[in-house]
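Data block for target31.cif (mmCIF, C-alpha atoms):
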data_entry
#
loop_
_atom_site.label_atom_id
_atom_site.label_comp_id
_atom_site.auth_asym_id
_atom_site.auth_seq_id
_atom_site.Cartn_x
_atom_site.Cartn_y
_atom_site.Cartn_z
CA MET A 1 -4.75 17.27 -2.06
CA LYS A 2 -2.66 17.81 -5.21
CA LEU A 3 -0.99 14.60 -6.65
CA HIS A 4 -3.10 14.41 -9.84
CA ALA A 5 -6.19 13.88 -7.72
CA LYS A 6 -7.23 17.45 -7.00
CA LYS A 7 -9.22 17.57 -10.22
CA GLN A 8 -10.33 13.96 -9.84
CA TRP A 9 -11.71 13.79 -6.31
CA HIS A 10 -15.05 15.20 -7.36
CA ARG A 11 -15.48 12.17 -9.64
CA ALA A 12 -15.29 9.78 -6.69
CA CYS A 13 -17.70 12.01 -4.79
CA LEU A 14 -20.18 12.08 -7.64
CA THR A 15 -20.26 8.33 -8.23
CA VAL A 16 -22.58 8.00 -5.23
CA LEU A 17 -25.21 10.00 -7.11
CA ALA A 18 -26.83 7.85 -9.82
CA ALA A 19 -28.05 10.01 -12.70
CA VAL A 20 -31.80 9.53 -12.26
CA THR A 21 -33.38 12.90 -11.46
CA VAL A 22 -32.06 16.43 -11.27
CA ALA A 23 -33.10 19.10 -8.79
CA ALA A 24 -32.30 22.69 -9.65
CA HIS A 25 -32.34 24.10 -6.12
CA ALA A 26 -29.99 23.85 -3.19
CA GLN A 27 -31.09 21.79 -0.22
CA VAL A 28 -29.64 21.03 3.20
CA ILE A 29 -30.33 17.53 4.53
CA ASP A 30 -29.71 16.19 8.03
CA LEU A 31 -28.27 12.78 7.15
CA ARG A 32 -29.06 11.36 10.58
CA SER A 33 -32.81 11.90 10.22
CA GLY A 34 -33.19 12.35 6.46
CA ASP A 35 -35.04 15.62 7.03
CA GLU A 36 -34.52 18.78 5.04
CA ILE A 37 -33.52 21.71 7.24
CA SER A 38 -33.14 25.40 6.54
CA GLU A 39 -29.81 27.16 6.18
CA GLN A 40 -30.62 29.08 9.35
CA VAL A 41 -31.22 25.91 11.36
CA LEU A 42 -27.94 24.48 10.08
CA ALA A 43 -26.11 27.64 11.13
CA GLU A 44 -27.71 27.54 14.59
CA ARG A 45 -26.65 23.93 15.08
CA LEU A 46 -23.09 24.58 13.93
CA ARG A 47 -22.73 27.61 16.19
CA GLY A 48 -22.44 25.43 19.28
CA GLN A 49 -19.72 23.15 17.90
CA ASP A 50 -16.04 23.23 18.79
CA ILE A 51 -14.98 22.23 15.28
CA VAL A 52 -16.96 22.43 12.04
CA LEU A 53 -15.80 20.77 8.83
CA LEU A 54 -17.15 22.04 5.51
CA GLY A 55 -16.50 20.04 2.35
CA GLU A 56 -16.48 21.09 -1.29
CA LEU A 57 -16.26 19.98 -4.86
CA HIS A 58 -13.22 22.01 -5.79
CA ASP A 59 -14.55 23.24 -9.14
CA ASN A 60 -18.03 24.28 -7.96
CA THR A 61 -17.86 27.99 -7.10
CA ARG A 62 -21.40 27.83 -5.68
CA HIS A 63 -20.06 25.62 -2.89
CA HIS A 64 -17.47 28.24 -2.03
CA GLN A 65 -20.06 31.01 -2.02
CA LEU A 66 -22.44 29.05 0.21
CA ARG A 67 -19.70 28.12 2.67
CA GLY A 68 -18.59 31.72 2.94
CA GLU A 69 -22.14 32.80 3.71
CA LEU A 70 -22.58 29.93 6.18
CA ILE A 71 -19.36 30.74 8.04
CA ALA A 72 -20.45 34.37 8.35
CA ARG A 73 -23.67 33.16 9.97
CA PHE A 74 -22.36 30.76 12.58
CA ALA A 75 -18.71 31.51 13.33
CA ARG A 76 -18.32 33.26 16.64
CA SER A 77 -15.63 35.73 17.61
CA GLY A 78 -12.26 34.07 17.97
CA THR A 79 -12.98 31.31 15.46
CA THR A 80 -10.11 30.32 13.17
CA VAL A 81 -10.63 29.01 9.65
CA VAL A 82 -8.19 26.28 8.59
CA ALA A 83 -7.85 25.79 4.83
CA GLU A 84 -6.72 22.77 2.85
CA HIS A 85 -5.64 25.26 0.18
CA LEU A 86 -2.74 26.60 2.26
CA PRO A 87 0.27 24.87 3.85
CA SER A 88 0.29 24.45 7.60
CA ASP A 89 1.80 27.14 9.83
CA MET A 90 0.91 29.86 7.31
CA ARG A 91 -1.58 32.64 7.99
CA VAL A 92 -3.23 35.06 5.61
CA ALA A 93 -2.87 38.77 6.18
CA ALA A 94 -6.12 40.55 6.98
CA THR A 95 -5.33 43.55 4.78
CA GLY A 96 -4.21 44.23 1.24
CA PRO A 97 -5.40 42.62 -2.01
CA LEU A 98 -6.95 39.23 -1.24
CA ARG A 99 -5.19 37.17 -3.88
CA ALA A 100 -1.81 38.65 -3.01
CA ALA A 101 -2.36 37.91 0.68
CA LEU A 102 -3.33 34.32 -0.12
CA GLU A 103 -0.34 33.78 -2.38
CA ALA A 104 2.00 35.21 0.25
CA ALA A 105 0.69 32.48 2.56
CA GLY A 106 1.39 29.74 -0.01
CA PHE A 107 -1.84 29.65 -2.01
CA ASP A 108 -1.39 28.23 -5.54
CA ALA A 109 -3.83 30.44 -7.45
CA ARG A 110 -3.35 28.63 -10.74
CA GLY A 111 -3.53 25.15 -9.25
CA TRP A 112 -6.74 25.93 -7.39
CA GLY A 113 -8.35 27.65 -10.39
CA TRP A 114 -8.59 31.17 -9.01
CA PRO A 115 -11.04 32.93 -8.75
CA LEU A 116 -13.16 29.84 -7.96
CA HIS A 117 -12.52 30.20 -4.23
CA GLU A 118 -12.66 33.99 -4.10
CA PRO A 119 -16.22 34.13 -2.64
CA LEU A 120 -15.15 31.87 0.23
CA PHE A 121 -11.96 33.66 1.17
CA ASP A 122 -13.52 37.10 0.72
CA ALA A 123 -16.35 36.17 3.10
CA ILE A 124 -13.85 34.91 5.67
CA ARG A 125 -11.97 38.18 5.47
CA GLN A 126 -15.17 40.22 5.72
CA SER A 127 -16.06 38.24 8.86
CA GLU A 128 -12.66 39.23 10.34
CA LEU A 129 -11.73 35.62 11.05
CA LEU A 130 -8.18 34.35 11.22
CA LEU A 131 -7.36 32.24 8.14
CA VAL A 132 -4.52 29.72 8.43
CA GLY A 133 -3.20 26.78 6.46
CA GLY A 134 -3.63 23.15 7.38
CA ASN A 135 -2.16 21.21 4.46
CA LEU A 136 1.25 19.58 4.20
CA PRO A 137 4.16 21.87 3.31
CA LYS A 138 4.90 22.27 -0.39
CA GLY A 139 6.86 19.31 -1.72
CA TYR A 140 6.29 17.19 1.38
CA SER A 141 3.92 14.78 -0.37
CA LYS A 142 6.72 13.74 -2.72
CA ARG A 143 8.91 12.89 0.26
CA LEU A 144 6.15 10.72 1.72
CA MET A 145 5.62 9.00 -1.61
CA ALA A 146 9.32 8.21 -1.84
CA ASP A 147 10.24 7.45 1.78
CA GLY A 148 6.99 6.29 3.38
CA ASP A 149 6.09 6.95 7.00
CA THR A 150 9.75 7.38 7.96
CA ALA A 151 9.41 10.85 6.43
CA LEU A 152 6.68 11.88 8.87
CA THR A 153 7.63 14.67 11.24
CA ALA A 154 7.47 13.91 14.95
CA ALA A 155 4.19 15.82 15.33
CA LEU A 156 2.55 14.09 12.36
CA ALA A 157 3.84 10.67 13.37
CA ALA A 158 2.49 10.96 16.90
CA SER A 159 -1.03 11.85 15.74
CA TYR A 160 -0.91 9.39 12.85
CA ARG A 161 -0.19 6.47 15.17
CA LYS A 162 -2.96 7.48 17.58
CA ALA A 163 -5.61 7.48 14.83
CA PRO A 164 -5.36 4.21 12.85
CA LEU A 165 -8.13 3.43 10.39
CA THR A 166 -10.26 0.33 10.70
CA PRO A 167 -9.69 -2.18 7.87
CA GLN A 168 -13.11 -1.25 6.48
CA ALA A 169 -12.35 2.48 6.43
CA ALA A 170 -8.91 1.88 4.93
CA ALA A 171 -10.52 -0.20 2.16
CA ARG A 172 -13.02 2.60 1.41
CA LEU A 173 -10.24 5.15 1.24
CA ASP A 174 -8.24 2.88 -1.05
CA GLY A 175 -11.22 2.44 -3.34
CA ASP A 176 -11.89 6.17 -3.46
CA LEU A 177 -8.26 6.91 -4.32
CA VAL A 178 -8.50 4.49 -7.24
CA ASP A 179 -11.81 6.01 -8.38
CA GLY A 180 -10.38 9.49 -7.96
CA HIS A 181 -7.66 8.54 -10.44
CA CYS A 182 -10.15 7.28 -13.00
CA GLY A 183 -9.50 3.65 -12.08
CA GLN A 184 -5.93 3.95 -13.35
CA LEU A 185 -3.98 4.00 -10.08
CA PRO A 186 -1.30 1.27 -10.20
CA ASP A 187 -1.06 -0.97 -7.15
CA LYS A 188 2.41 0.34 -6.32
CA TYR A 189 0.98 3.81 -5.69
CA ARG A 190 -1.94 2.84 -3.49
CA ALA A 191 -0.18 2.54 -0.14
CA PRO A 192 1.97 5.66 -0.64
CA MET A 193 -1.02 7.72 -1.72
CA GLN A 194 -3.08 6.48 1.21
CA LEU A 195 -0.22 7.63 3.47
CA VAL A 196 -0.24 11.07 1.80
CA GLN A 197 -4.00 11.34 2.25
CA ARG A 198 -3.80 10.32 5.90
CA ALA A 199 -0.86 12.62 6.60
CA THR A 200 -2.81 15.49 5.03
CA ASP A 201 -5.81 14.73 7.24
CA VAL A 202 -3.60 14.51 10.32
CA SER A 203 -1.96 17.82 9.43
CA MET A 204 -5.34 19.54 9.15
CA ALA A 205 -6.61 17.89 12.33
CA ASN A 206 -3.55 19.12 14.24
CA ALA A 207 -4.12 22.64 12.93
CA LEU A 208 -7.77 22.57 14.01
CA LEU A 209 -6.92 21.30 17.48
CA ALA A 210 -4.41 24.12 17.88
CA HIS A 211 -7.10 26.75 17.13
CA VAL A 212 -10.36 25.62 18.77
CA PRO A 213 -12.98 26.90 18.02
CA ALA A 214 -12.19 26.28 14.37
CA VAL A 215 -13.66 25.63 10.94
CA LEU A 216 -12.07 23.51 8.22
CA VAL A 217 -12.66 24.20 4.54
CA ALA A 218 -11.47 21.26 2.43
CA GLY A 219 -12.53 18.72 -0.15
CA ASN A 220 -15.35 16.32 0.66
CA GLY A 221 -12.93 13.42 1.01
CA HIS A 222 -11.12 15.18 3.84
CA VAL A 223 -14.23 15.94 5.90
CA ARG A 224 -15.64 12.40 5.84
CA LYS A 225 -16.31 10.94 9.27
CA ASP A 226 -15.19 7.42 8.43
CA TYR A 227 -11.65 8.07 7.18
CA GLY A 228 -11.10 11.85 7.09
CA VAL A 229 -10.22 14.62 9.50
CA PRO A 230 -13.20 13.93 11.84
CA GLN A 231 -11.88 10.41 12.41
CA VAL A 232 -8.50 11.80 13.45
CA ILE A 233 -10.04 14.36 15.80
CA ASP A 234 -12.27 11.72 17.38
CA ALA A 235 -9.15 9.69 18.14
CA LEU A 236 -7.11 12.62 19.46
CA ALA A 237 -9.75 14.68 21.28
CA PRO A 238 -12.95 12.66 21.66
CA SER A 239 -14.58 15.17 24.02
CA LEU A 240 -14.83 17.90 21.39
CA LYS A 241 -18.11 18.61 19.65
CA ILE A 242 -17.66 18.40 15.89
CA SER A 243 -19.95 18.45 12.86
CA SER A 244 -19.20 17.66 9.24
CA VAL A 245 -21.07 19.03 6.20
CA GLY A 246 -20.54 17.54 2.75
CA PHE A 247 -21.23 19.66 -0.33
CA TYR A 248 -22.52 17.67 -3.30
CA GLU A 249 -24.42 18.12 -6.56
CA TRP A 250 -27.82 16.85 -7.61
CA GLY A 251 -27.78 13.91 -9.96
CA GLY A 252 -29.71 11.14 -8.23
CA GLU A 253 -32.80 10.26 -6.27
CA ARG A 254 -33.00 11.98 -2.90
CA GLN A 255 -33.31 8.77 -0.90
CA GLU A 256 -30.39 7.20 -2.73
CA LEU A 257 -28.32 10.23 -1.83
CA ILE A 258 -29.23 10.05 1.85
CA LYS A 259 -28.54 6.32 1.99
CA SER A 260 -25.20 6.58 0.20
CA LEU A 261 -23.88 9.43 2.35
CA ALA A 262 -25.25 8.35 5.75
CA GLY A 263 -22.38 7.93 8.19
CA ARG A 264 -19.99 9.94 6.05
CA TYR A 265 -21.25 13.37 7.13
CA ASP A 266 -23.72 14.82 9.60
CA TYR A 267 -25.28 17.05 6.93
CA VAL A 268 -25.14 17.37 3.17
CA TRP A 269 -25.77 20.55 1.18
CA VAL A 270 -26.80 19.64 -2.35
CA THR A 271 -26.61 22.17 -5.18
CA GLU A 272 -26.89 22.42 -8.93
CA SER A 273 -24.00 20.94 -10.89
CA ALA A 274 -21.08 22.99 -12.11
CA ALA A 275 -20.30 22.95 -15.82
CA ARG A 276 -17.33 20.67 -16.43
CA THR A 277 -15.83 18.29 -18.93
CA ASP A 278 -15.16 14.65 -18.09
CA PRO A 279 -11.98 14.77 -15.94
CA CYS A 280 -11.09 11.25 -17.05
CA GLU A 281 -11.36 11.87 -20.78
CA HIS A 282 -7.66 12.56 -21.21
CA PHE A 283 -6.40 11.40 -17.82
CA LYS A 284 -3.19 9.41 -17.62
CA ILE A 285 -1.26 8.50 -14.51
CA LYS A 286 2.35 9.68 -14.50
#

Same coordinates, now as structure tokens:
Amino acid sequence: MKLHAKKQWHRACLTVLAAVTVAAHAQVIDLRSGDEISEQVLAERLRGQDIVLLGELHDNTRHHQLRGELIARFARSGTTVVAEHLPSDMRVAATGPLRAALEAAGFDARGWGWPLHEPLFDAIRQSELLLVGGNLPKGYSKRLMADGDTALTAALAASYRKAPLTPQAAARLDGDLVDGHCGQLPDKYRAPMQLVQRATDVSMANALLAHVPAVLVAGNGHVRKDYGVPQVIDALAPSLKISSVGFYEWGGERQELIKSLAGRYDYVWVTESAARTDPCEHFKIK
């Protein structure tokens, strides 16, 4: 997601973690049971899935490193990795300098803060997995903002109509979009931006379904089970086995974390916080 929110989404993600205690170590939690599990157990469970969705806070390079290591552990031969960071229908060459190969496939190195994601994409290459794009084509979000759902392609429109959100899920997405824009999102932008978010999720879901078995690497908002890519896949291909892993930062009581994220993901991997300034300090909506 780009539209001002790429740097802001982590704020909405972090609001669920009240600043009470801080843990310095990484921990994987099964959100269905509340139990801590090892990285190896997580990898073993993910190995049997048709589609795995791995979230991220975009500016936390530790998340990218851990996901690269995790993918190397569980991804079986023939698995395709679909990336939010690349437009759909693009694939990354398996040889040559990594950054150049990514940029040739549409990767915006400056926009994504390269080399933040280098550990992730390097691990994918080392695992000899196909890496393809899943996001909307460059400039397409602006068309959706201006023209609404009439600008959806036939493929996006078909999947979009088969996967409507419940009113409750739509309200949560709306609230997160506002929070992700520092509470400054004018009402006139809410519906268009929700359409962009949904179209992005549909685009990534379609890419995953075209490459099963597959792994998605994307922001935490996109891998949520209530209104993200998993919701679309459940509507389009309910027989598939899918698992979603959110990647968050410590900053709250463990039980509060589990309670706040239950139902959003199957697992959460919690790490130390990345150094950052307040993204809302100088934020202004254009």

ask   = Between A:Pro186, A:Gly78, A:Gly263, A:Pro213, which one has atoms that come closest to A:Ile285, using only C-alpha atoms?
value =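 So, comparing all the options, the nearest one is A:Pro186.
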
key: Close residues, A:Met145 itself excluded, 10 Å, only C-alpha atoms, min 4 positions apart in chain, as a PyMOL selection string   = chain A and resi 140-141+149+151+189-196

Using C-alpha atoms, can you write the selected residues to a file as a short mmCIF file (atom, residue, chain, number, x, y, z; two decimals), keeping the file's coordinate frame?
data_model
loop_
_atom_site.label_atom_id
_atom_site.label_comp_id
_atom_site.auth_asym_id
_atom_site.auth_seq_id
_atom_site.Cartn_x
_atom_site.Cartn_y
_atom_site.Cartn_z
CA TYR A 140 6.29 17.19 1.38
CA SER A 141 3.92 14.78 -0.37
CA ASP A 149 6.09 6.95 7.00
CA ALA A 151 9.41 10.85 6.43
CA TYR A 189 0.98 3.81 -5.69
CA ARG A 190 -1.94 2.84 -3.49
CA ALA A 191 -0.18 2.54 -0.14
CA PRO A 192 1.97 5.66 -0.64
CA MET A 193 -1.02 7.72 -1.72
CA GLN A 194 -3.08 6.48 1.21
CA LEU A 195 -0.22 7.63 3.47
CA VAL A 196 -0.24 11.07 1.80
#

inquiry  = Restricting the calculation to all atoms listed in the file: of A:Ala163, A:Leu131, A:Leu209, A:Leu116, which residue gets closest to A:His58?
reply    = A:Leu116

request  = Would you kindly translate the PyMOL selection byres ((chain A and resi 217-232) around 7) into the concrete residues it picks from this file, as a PyMOL selection string?
outcome  = chain A and resi 53-58+82-84+163+165+169+173+201-202+204-205+215-216+233-236+244+246-247+263-265

task = Take atom CA of A:Gln49 and atom CA of A:Ala214 and report the distance between them in Å, one decimal.
result = 8.9 Å

message = Could you list, as a ChimeraX atom specification, every residue within 12 Å of A:Pro115, counting only C-alpha atoms and ignoring same-chain residues fewer than 2 positions away?
response = /A:58-62,64-65,98-99,102,107-113,117-122

Would you fill the gaps in stretch 86-122 of chain A so it has N, CA and C atoms, then print it as a compact mmCIF listing (two decimals), in the frame of the given file?
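The new file out.txt reads:
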# COMPACT_ATOMS: atom_id res chain seq x y z
N LEU A 86 -3.95 25.93 1.80
CA LEU A 86 -2.74 26.60 2.26
C LEU A 86 -1.90 25.64 3.09
N PRO A 87 -0.58 25.74 3.02
CA PRO A 87 0.27 24.87 3.85
C PRO A 87 0.16 25.22 5.32
N SER A 88 0.40 24.24 6.16
CA SER A 88 0.29 24.45 7.60
C SER A 88 1.30 25.50 8.07
N ASP A 89 0.97 26.12 9.19
CA ASP A 89 1.80 27.14 9.83
C ASP A 89 1.85 28.46 9.05
N MET A 90 0.99 28.60 8.04
CA MET A 90 0.91 29.86 7.31
C MET A 90 -0.40 30.55 7.65
N ARG A 91 -0.36 31.88 7.73
CA ARG A 91 -1.58 32.64 7.99
C ARG A 91 -1.71 33.74 6.96
N VAL A 92 -2.95 34.07 6.64
CA VAL A 92 -3.23 35.06 5.61
C VAL A 92 -3.41 36.42 6.25
N ALA A 93 -2.75 37.41 5.68
CA ALA A 93 -2.87 38.77 6.18
C ALA A 93 -4.30 39.27 6.02
N ALA A 94 -4.73 40.07 6.97
CA ALA A 94 -6.12 40.55 6.98
C ALA A 94 -6.31 41.80 6.13
N THR A 95 -5.23 42.34 5.59
CA THR A 95 -5.33 43.55 4.78
C THR A 95 -4.61 43.35 3.46
N GLY A 96 -4.83 44.30 2.54
CA GLY A 96 -4.21 44.23 1.24
C GLY A 96 -5.04 43.41 0.26
N PRO A 97 -4.66 43.39 -1.02
CA PRO A 97 -5.40 42.62 -2.01
C PRO A 97 -5.50 41.15 -1.59
N LEU A 98 -6.69 40.58 -1.74
CA LEU A 98 -6.95 39.23 -1.24
C LEU A 98 -6.05 38.19 -1.89
N ARG A 99 -6.00 38.18 -3.21
CA ARG A 99 -5.19 37.17 -3.88
C ARG A 99 -3.73 37.27 -3.47
N ALA A 100 -3.20 38.47 -3.41
CA ALA A 100 -1.81 38.65 -3.01
C ALA A 100 -1.56 38.13 -1.60
N ALA A 101 -2.50 38.39 -0.70
CA ALA A 101 -2.36 37.91 0.68
C ALA A 101 -2.38 36.39 0.74
N LEU A 102 -3.26 35.78 -0.07
CA LEU A 102 -3.33 34.32 -0.12
C LEU A 102 -2.03 33.73 -0.67
N GLU A 103 -1.55 34.31 -1.76
CA GLU A 103 -0.34 33.78 -2.38
C GLU A 103 0.87 33.95 -1.47
N ALA A 104 0.90 35.02 -0.70
CA ALA A 104 2.00 35.21 0.25
C ALA A 104 2.00 34.13 1.32
N ALA A 105 0.82 33.54 1.56
CA ALA A 105 0.69 32.48 2.56
C ALA A 105 0.79 31.09 1.92
N GLY A 106 1.17 31.03 0.63
CA GLY A 106 1.39 29.74 -0.01
C GLY A 106 0.28 29.23 -0.89
N PHE A 107 -0.73 30.07 -1.17
CA PHE A 107 -1.84 29.65 -2.01
C PHE A 107 -1.40 29.57 -3.47
N ASP A 108 -1.71 28.44 -4.13
CA ASP A 108 -1.39 28.23 -5.54
C ASP A 108 -2.62 28.63 -6.35
N ALA A 109 -2.65 29.90 -6.76
CA ALA A 109 -3.83 30.44 -7.45
C ALA A 109 -4.14 29.68 -8.73
N ARG A 110 -3.13 29.35 -9.50
CA ARG A 110 -3.35 28.63 -10.74
C ARG A 110 -3.81 27.20 -10.48
N GLY A 111 -3.17 26.53 -9.55
CA GLY A 111 -3.53 25.15 -9.25
C GLY A 111 -4.94 24.99 -8.72
N TRP A 112 -5.41 25.98 -7.96
CA TRP A 112 -6.74 25.93 -7.39
C TRP A 112 -7.79 26.64 -8.26
N GLY A 113 -7.38 27.09 -9.45
CA GLY A 113 -8.35 27.65 -10.39
C GLY A 113 -8.93 28.98 -9.97
N TRP A 114 -8.11 29.85 -9.39
CA TRP A 114 -8.59 31.17 -9.01
C TRP A 114 -9.27 31.82 -10.21
N PRO A 115 -10.44 32.47 -10.02
CA PRO A 115 -11.04 32.93 -8.75
C PRO A 115 -12.15 32.03 -8.21
N LEU A 116 -12.10 30.72 -8.45
CA LEU A 116 -13.16 29.84 -7.96
C LEU A 116 -13.44 30.04 -6.47
N HIS A 117 -12.37 30.13 -5.68
CA HIS A 117 -12.52 30.20 -4.23
C HIS A 117 -12.63 31.62 -3.69
N GLU A 118 -12.63 32.60 -4.56
CA GLU A 118 -12.66 33.99 -4.10
C GLU A 118 -13.86 34.30 -3.21
N PRO A 119 -15.09 33.82 -3.53
CA PRO A 119 -16.22 34.13 -2.64
C PRO A 119 -16.03 33.60 -1.22
N LEU A 120 -15.39 32.45 -1.10
CA LEU A 120 -15.15 31.87 0.23
C LEU A 120 -14.16 32.71 1.02
N PHE A 121 -13.00 32.96 0.43
CA PHE A 121 -11.96 33.66 1.17
C PHE A 121 -12.32 35.13 1.41
N ASP A 122 -13.08 35.72 0.51
CA ASP A 122 -13.52 37.10 0.72
C ASP A 122 -14.49 37.17 1.90
